[in-house]
Amino acid sequence: MGLGQLYNRQWMKGIILTVIGAGSLYFFFNNLGDALWGITTLGEQGNRFEKVDGLTKLVPGDHSINLLIEGLIVLILLALYLIAYYANIKNAYNAGKQRDLGEKPNTMKDTLNYIFEVKFAQSFLTLPAFGILFFTVMPIIFMVMLAFTNYSAPNNLPPAKLVDWVGFETFTSLVALKSWSHTFYGVLTWTLIWAVLATVTTYFGGMLVALLIQQKGIRFKGMWRVILIIPYAIPQLISLLVMRNLFNGQFGPINQYFKYFGLNGLPWLTDPFWAKVTVIVVNMWVGIPVSMLLIMSVLTTIPKDLYEAAEVDGASGYQKFRIITLPMILFSTAPVLITQFAGNINNFNAIFLLTNGNPVVGDYQYAGATDLLVTWLYKLTLDQQRYNMASAVGIIIFLIIASFSIYNYRRSRSFREEDMIQ
């Protein structure tokens, strides 16, 4: 690295690249072998007792997870080095072509001007790109790798024990082993039902409220907007915890109101069916204002001429809604609707803060009746330390959301018309 630049008499650039290349080679010479060994074996010995100077002492063993992380970092740095080395060769080749044509190769000043003037945007984005690589991409890769190990409590937690590669055994257990598959399919089914109901109720509920407020006969429109936006303006944490207390058992205010009228209270949060109904209703309370704001902004962009022409043609109110209003709303909000569905699959707050995933289901593995895949993943990770199983669940969540979002977004009218415009 850098020798091509030195050959082309680009002295300053060549010296800098040579120093970087030599330092990189020294680093990889000392670390690459250990990194490959660590990722491949995940260690060979855990903590153990050995006699040292006649005394039995606990000797620290290999920490499988540290070896995995360190090896992953070294491999990512190696990939960056190879990219830089390729750019170095390409730069030297272009400089050589300039010399063959009788032109003077770029000086260090020309290079700096090219980096900070011509390619300023790319250069400025380099630092955030490195941050994304090491703080977003690398943890995702690490999580994916964990799914192919047996890293879980109580038998495979380093440094006392070693972690081993087990291939697809974790996924097989999740979808085929009865004790896990029953929980997985039950939680997955409820997650999809929840995502559909939560999206449909909040979206069309917000549409209904927006249409009602926009009617000509409604007075004090600003007041109605302010009142209906309050649930969204209040932090969701506070709203959900207040709702949790309102629906709480026999002594919650809602059940107390029922008793005043001679009615028995309902097991809002303790019965599986009513707990699911409760989270959907509360999510409507929190989510309808968002859809209302979005759809009201779309309604203001629909030309009045369309409605006037429809009235001249004798269209009824329902026909104007079906032919003009609804298509315009769906055209503008289809990408947001897809995003809301994906967000509801991962709607951690609504479930965890309201029910904590409860009520408990006896034959589920660490999951409750209202747990979504994401809240189950949380419990598997922080409460049960089943890291490999949680990683497998995380991969499945990603595959579901990514495939659904890409498929539906590409089929949406707004995406197709955007392609035609371009």
# chains A, B, ... in the order shown; residues from 1 in each chain; ligands from 1

$ closest_atom_pairs --of "stretch 299-373 of chain A" --to "stretch 274-279 of chain A" --cutoff "8 Å" --atoms "only C-alpha atoms" --output "CSV"
residue,atom,partner,partner_atom,distance
A:Ala350,CA,A:Val279,CA,7.0
A:Ile351,CA,A:Val279,CA,6.8
A:Leu354,CA,A:Val279,CA,7.1
A:Thr355,CA,A:Ala275,CA,7.5
A:Asn358,CA,A:Ala275,CA,7.9
A:Pro359,CA,A:Ala275,CA,7.5
A:Ala369,CA,A:Lys276,CA,7.9
A:Thr370,CA,A:Lys276,CA,6.1

$ closest_atom_pairs --of "stretch 361-388 of chain A" --to "stretch 334-346 of chain A" --cutoff "8 Å" --atoms "only C-alpha atoms" --output "Markdown table"
| residue | atom | partner | partner_atom | distance |
| --- | --- | --- | --- | --- |
| A:Leu372 | CA | A:Ile345 | CA | 7.4 |
| A:Leu373 | CA | A:Asn346 | CA | 7.7 |
| A:Val374 | CA | A:Asn346 | CA | 5.7 |

$ closest_residue --among "A:Ile234, A:Ala176, A:Val74, A:Met12" --to "A:Thr111" --atoms "only C-alpha atoms"
A:Met12

$ select_by_dssp --residues "stretch 41-211 of chain A" --states "strand (DSSP E or B)" --output "ChimeraX atom specification"
/A:48-52,55-59,149,165

$ write_last_selection --atoms "N, CA, C and O atoms" --output "tab-separated table (two decimals), in the first residue's frame"
chain	number	residue	atom	x	y	z
A	48	ARG	N	-11.60	-23.09	35.26
A	48	ARG	CA	-11.25	-24.40	35.81
A	48	ARG	C	-10.33	-24.22	37.00
A	48	ARG	O	-9.65	-23.19	37.14
A	49	PHE	N	-10.30	-25.23	37.85
A	49	PHE	CA	-9.39	-25.24	39.01
A	49	PHE	C	-8.11	-25.98	38.64
A	49	PHE	O	-8.15	-27.09	38.10
A	50	GLU	N	-6.98	-25.34	38.89
A	50	GLU	CA	-5.69	-25.96	38.65
A	50	GLU	C	-4.77	-25.69	39.82
A	50	GLU	O	-4.94	-24.71	40.57
A	51	LYS	N	-3.77	-26.56	39.98
A	51	LYS	CA	-2.78	-26.37	41.04
A	51	LYS	C	-1.69	-25.43	40.54
A	51	LYS	O	-1.03	-25.70	39.53
A	52	VAL	N	-1.53	-24.33	41.24
A	52	VAL	CA	-0.52	-23.34	40.91
A	52	VAL	C	0.35	-23.14	42.15
A	52	VAL	O	-0.15	-22.67	43.20
A	55	LEU	N	-0.99	-24.75	45.21
A	55	LEU	CA	-2.31	-24.31	45.66
A	55	LEU	C	-3.32	-24.45	44.53
A	55	LEU	O	-3.01	-24.20	43.36
A	56	THR	N	-4.53	-24.87	44.90
A	56	THR	CA	-5.60	-24.99	43.90
A	56	THR	C	-6.25	-23.63	43.70
A	56	THR	O	-6.78	-23.03	44.64
A	57	LYS	N	-6.17	-23.15	42.46
A	57	LYS	CA	-6.71	-21.83	42.15
A	57	LYS	C	-7.65	-21.92	40.95
A	57	LYS	O	-7.54	-22.82	40.12
A	58	LEU	N	-8.57	-20.97	40.92
A	58	LEU	CA	-9.49	-20.87	39.79
A	58	LEU	C	-8.78	-20.13	38.66
A	58	LEU	O	-8.42	-18.95	38.80
A	59	VAL	N	-8.58	-20.82	37.56
A	59	VAL	CA	-7.88	-20.23	36.41
A	59	VAL	C	-8.93	-19.77	35.40
A	59	VAL	O	-9.77	-20.57	34.96
A	149	THR	N	-25.65	-20.28	17.98
A	149	THR	CA	-24.89	-20.83	19.10
A	149	THR	C	-25.86	-21.35	20.16
A	149	THR	O	-27.07	-21.22	20.03
A	165	TRP	N	-20.93	-23.50	18.59
A	165	TRP	CA	-21.76	-23.35	17.39
A	165	TRP	C	-22.68	-24.56	17.27
A	165	TRP	O	-22.22	-25.70	17.38

$ residues_around --residues "A:Leu3" --least-positions-apart "5" --cutoff "9 Å" --atoms "only C-alpha atoms" --output "ChimeraX atom specification"
/A:8,14-15,17-18,92

$ write_last_selection --atoms "N, CA, C and O atoms" --output "short mmCIF file (atom, residue, chain, number, x, y, z; two decimals), in the first residue's frame"
data_model
loop_
_atom_site.label_atom_id
_atom_site.label_comp_id
_atom_site.auth_asym_id
_atom_site.auth_seq_id
_atom_site.Cartn_x
_atom_site.Cartn_y
_atom_site.Cartn_z
N ASN A 8 4.90 6.56 -8.75
CA ASN A 8 4.40 7.66 -9.58
C ASN A 8 4.87 9.02 -9.09
O ASN A 8 4.36 10.05 -9.55
N GLY A 14 2.21 8.81 -1.04
CA GLY A 14 2.79 7.49 -0.95
C GLY A 14 3.30 7.17 0.45
O GLY A 14 3.11 6.05 0.96
N ILE A 15 3.96 8.16 1.09
CA ILE A 15 4.48 7.94 2.44
C ILE A 15 3.33 7.69 3.43
O ILE A 15 3.38 6.78 4.26
N LEU A 17 0.24 6.60 2.82
CA LEU A 17 -0.40 5.31 2.57
C LEU A 17 0.50 4.15 2.97
O LEU A 17 0.03 3.11 3.44
N THR A 18 1.80 4.30 2.79
CA THR A 18 2.73 3.24 3.19
C THR A 18 2.71 3.04 4.70
O THR A 18 2.70 1.89 5.19
N ALA A 92 -3.43 4.49 -7.80
CA ALA A 92 -2.10 4.37 -8.42
C ALA A 92 -2.22 4.08 -9.92
O ALA A 92 -1.45 4.61 -10.74
#

$ decode --residues "stretch 79-191 of chain A" --atoms "C-alpha atoms" --output "tab-separated table (two decimals), in the first residue's frame"
chain	number	residue	atom	x	y	z
A	79	ALA	CA	-12.91	-5.70	5.16
A	80	LEU	CA	-12.35	-1.93	5.50
A	81	TYR	CA	-8.62	-2.42	4.90
A	82	LEU	CA	-9.27	-4.43	1.73
A	83	ILE	CA	-11.61	-1.70	0.46
A	84	ALA	CA	-8.94	0.93	1.19
A	85	TYR	CA	-6.30	-1.24	-0.49
A	86	TYR	CA	-8.45	-1.55	-3.61
A	87	ALA	CA	-8.94	2.23	-3.67
A	88	ASN	CA	-5.16	2.63	-3.28
A	89	ILE	CA	-4.50	0.37	-6.30
A	90	LYS	CA	-7.13	2.17	-8.39
A	91	ASN	CA	-5.60	5.54	-7.48
A	92	ALA	CA	-2.10	4.37	-8.42
A	93	TYR	CA	-3.41	2.94	-11.72
A	94	ASN	CA	-5.11	6.21	-12.64
A	95	ALA	CA	-1.95	8.16	-11.76
A	96	GLY	CA	0.06	5.81	-13.97
A	97	LYS	CA	-2.31	6.41	-16.88
A	98	GLN	CA	-1.84	10.17	-16.41
A	99	ARG	CA	1.94	9.72	-16.61
A	100	ASP	CA	1.63	7.60	-19.74
A	101	LEU	CA	-0.35	10.39	-21.35
A	102	GLY	CA	2.35	12.88	-20.42
A	103	GLU	CA	0.26	14.53	-17.72
A	104	LYS	CA	1.42	15.34	-14.22
A	105	PRO	CA	-0.17	13.12	-11.53
A	106	ASN	CA	-2.29	14.76	-8.89
A	107	THR	CA	-0.36	16.33	-6.04
A	108	MET	CA	-1.28	16.02	-2.38
A	109	LYS	CA	-2.91	19.45	-2.62
A	110	ASP	CA	-5.03	18.29	-5.56
A	111	THR	CA	-6.05	15.19	-3.62
A	112	LEU	CA	-7.08	17.21	-0.56
A	113	ASN	CA	-9.00	19.61	-2.78
A	114	TYR	CA	-10.78	16.66	-4.42
A	115	ILE	CA	-11.68	15.15	-1.03
A	116	PHE	CA	-12.88	18.30	0.71
A	117	GLU	CA	-14.31	20.21	-2.24
A	118	VAL	CA	-15.46	17.91	-5.05
A	119	LYS	CA	-16.35	14.96	-2.79
A	120	PHE	CA	-17.24	16.98	0.31
A	121	ALA	CA	-20.60	15.23	0.86
A	122	GLN	CA	-19.08	11.74	0.70
A	123	SER	CA	-16.18	12.77	2.93
A	124	PHE	CA	-18.49	14.37	5.47
A	125	LEU	CA	-20.64	11.23	5.59
A	126	THR	CA	-17.65	8.97	6.28
A	127	LEU	CA	-17.68	9.49	10.06
A	128	PRO	CA	-21.40	8.75	10.52
A	129	ALA	CA	-20.98	5.77	8.19
A	130	PHE	CA	-18.32	4.35	10.51
A	131	GLY	CA	-20.62	4.98	13.47
A	132	ILE	CA	-23.47	3.13	11.75
A	133	LEU	CA	-21.13	0.29	10.84
A	134	PHE	CA	-19.85	-0.30	14.38
A	135	PHE	CA	-22.90	0.68	16.43
A	136	THR	CA	-25.73	-0.60	14.23
A	137	VAL	CA	-24.55	-3.07	11.60
A	138	MET	CA	-22.02	-4.89	13.78
A	139	PRO	CA	-24.49	-5.52	16.67
A	140	ILE	CA	-27.01	-6.85	14.13
A	141	ILE	CA	-24.42	-9.25	12.71
A	142	PHE	CA	-23.47	-10.25	16.26
A	143	MET	CA	-27.11	-10.93	17.12
A	144	VAL	CA	-27.54	-13.05	13.99
A	145	MET	CA	-24.44	-15.06	14.89
A	146	LEU	CA	-25.75	-15.69	18.42
A	147	ALA	CA	-28.79	-17.46	16.94
A	148	PHE	CA	-26.46	-20.19	15.67
A	149	THR	CA	-24.89	-20.83	19.10
A	150	ASN	CA	-26.13	-22.37	22.37
A	151	TYR	CA	-25.52	-19.16	24.36
A	152	SER	CA	-28.19	-19.34	27.08
A	153	ALA	CA	-28.74	-19.88	30.78
A	154	PRO	CA	-28.20	-21.88	32.87
A	155	ASN	CA	-25.67	-24.20	31.20
A	156	ASN	CA	-23.86	-22.10	28.62
A	157	LEU	CA	-22.99	-18.76	30.15
A	158	PRO	CA	-19.32	-17.76	29.89
A	159	PRO	CA	-16.80	-17.45	31.39
A	160	ALA	CA	-17.71	-20.44	33.58
A	161	LYS	CA	-18.90	-22.38	30.51
A	162	LEU	CA	-18.04	-22.24	26.84
A	163	VAL	CA	-20.45	-21.45	24.02
A	164	ASP	CA	-20.53	-23.69	20.95
A	165	TRP	CA	-21.76	-23.35	17.39
A	166	VAL	CA	-24.93	-25.44	16.94
A	167	GLY	CA	-26.04	-24.44	13.44
A	168	PHE	CA	-29.81	-24.30	12.92
A	169	GLU	CA	-30.58	-26.21	16.11
A	170	THR	CA	-32.04	-23.11	17.76
A	171	PHE	CA	-34.44	-22.47	14.86
A	172	THR	CA	-35.37	-26.15	14.76
A	173	SER	CA	-36.22	-26.11	18.47
A	174	LEU	CA	-38.22	-22.91	18.04
A	175	VAL	CA	-40.47	-24.19	15.26
A	176	ALA	CA	-40.44	-27.97	15.83
A	177	LEU	CA	-39.75	-28.75	19.50
A	178	LYS	CA	-43.19	-28.97	21.13
A	179	SER	CA	-42.34	-27.04	24.31
A	180	TRP	CA	-41.05	-24.08	22.27
A	181	SER	CA	-43.09	-24.33	19.08
A	182	HIS	CA	-46.39	-24.14	20.97
A	183	THR	CA	-45.29	-20.84	22.48
A	184	PHE	CA	-43.80	-19.53	19.25
A	185	TYR	CA	-46.84	-20.21	17.09
A	186	GLY	CA	-49.20	-18.93	19.77
A	187	VAL	CA	-47.27	-15.67	20.21
A	188	LEU	CA	-46.78	-15.29	16.44
A	189	THR	CA	-50.51	-15.73	15.77
A	190	TRP	CA	-51.45	-13.11	18.36
A	191	THR	CA	-48.73	-10.77	17.06
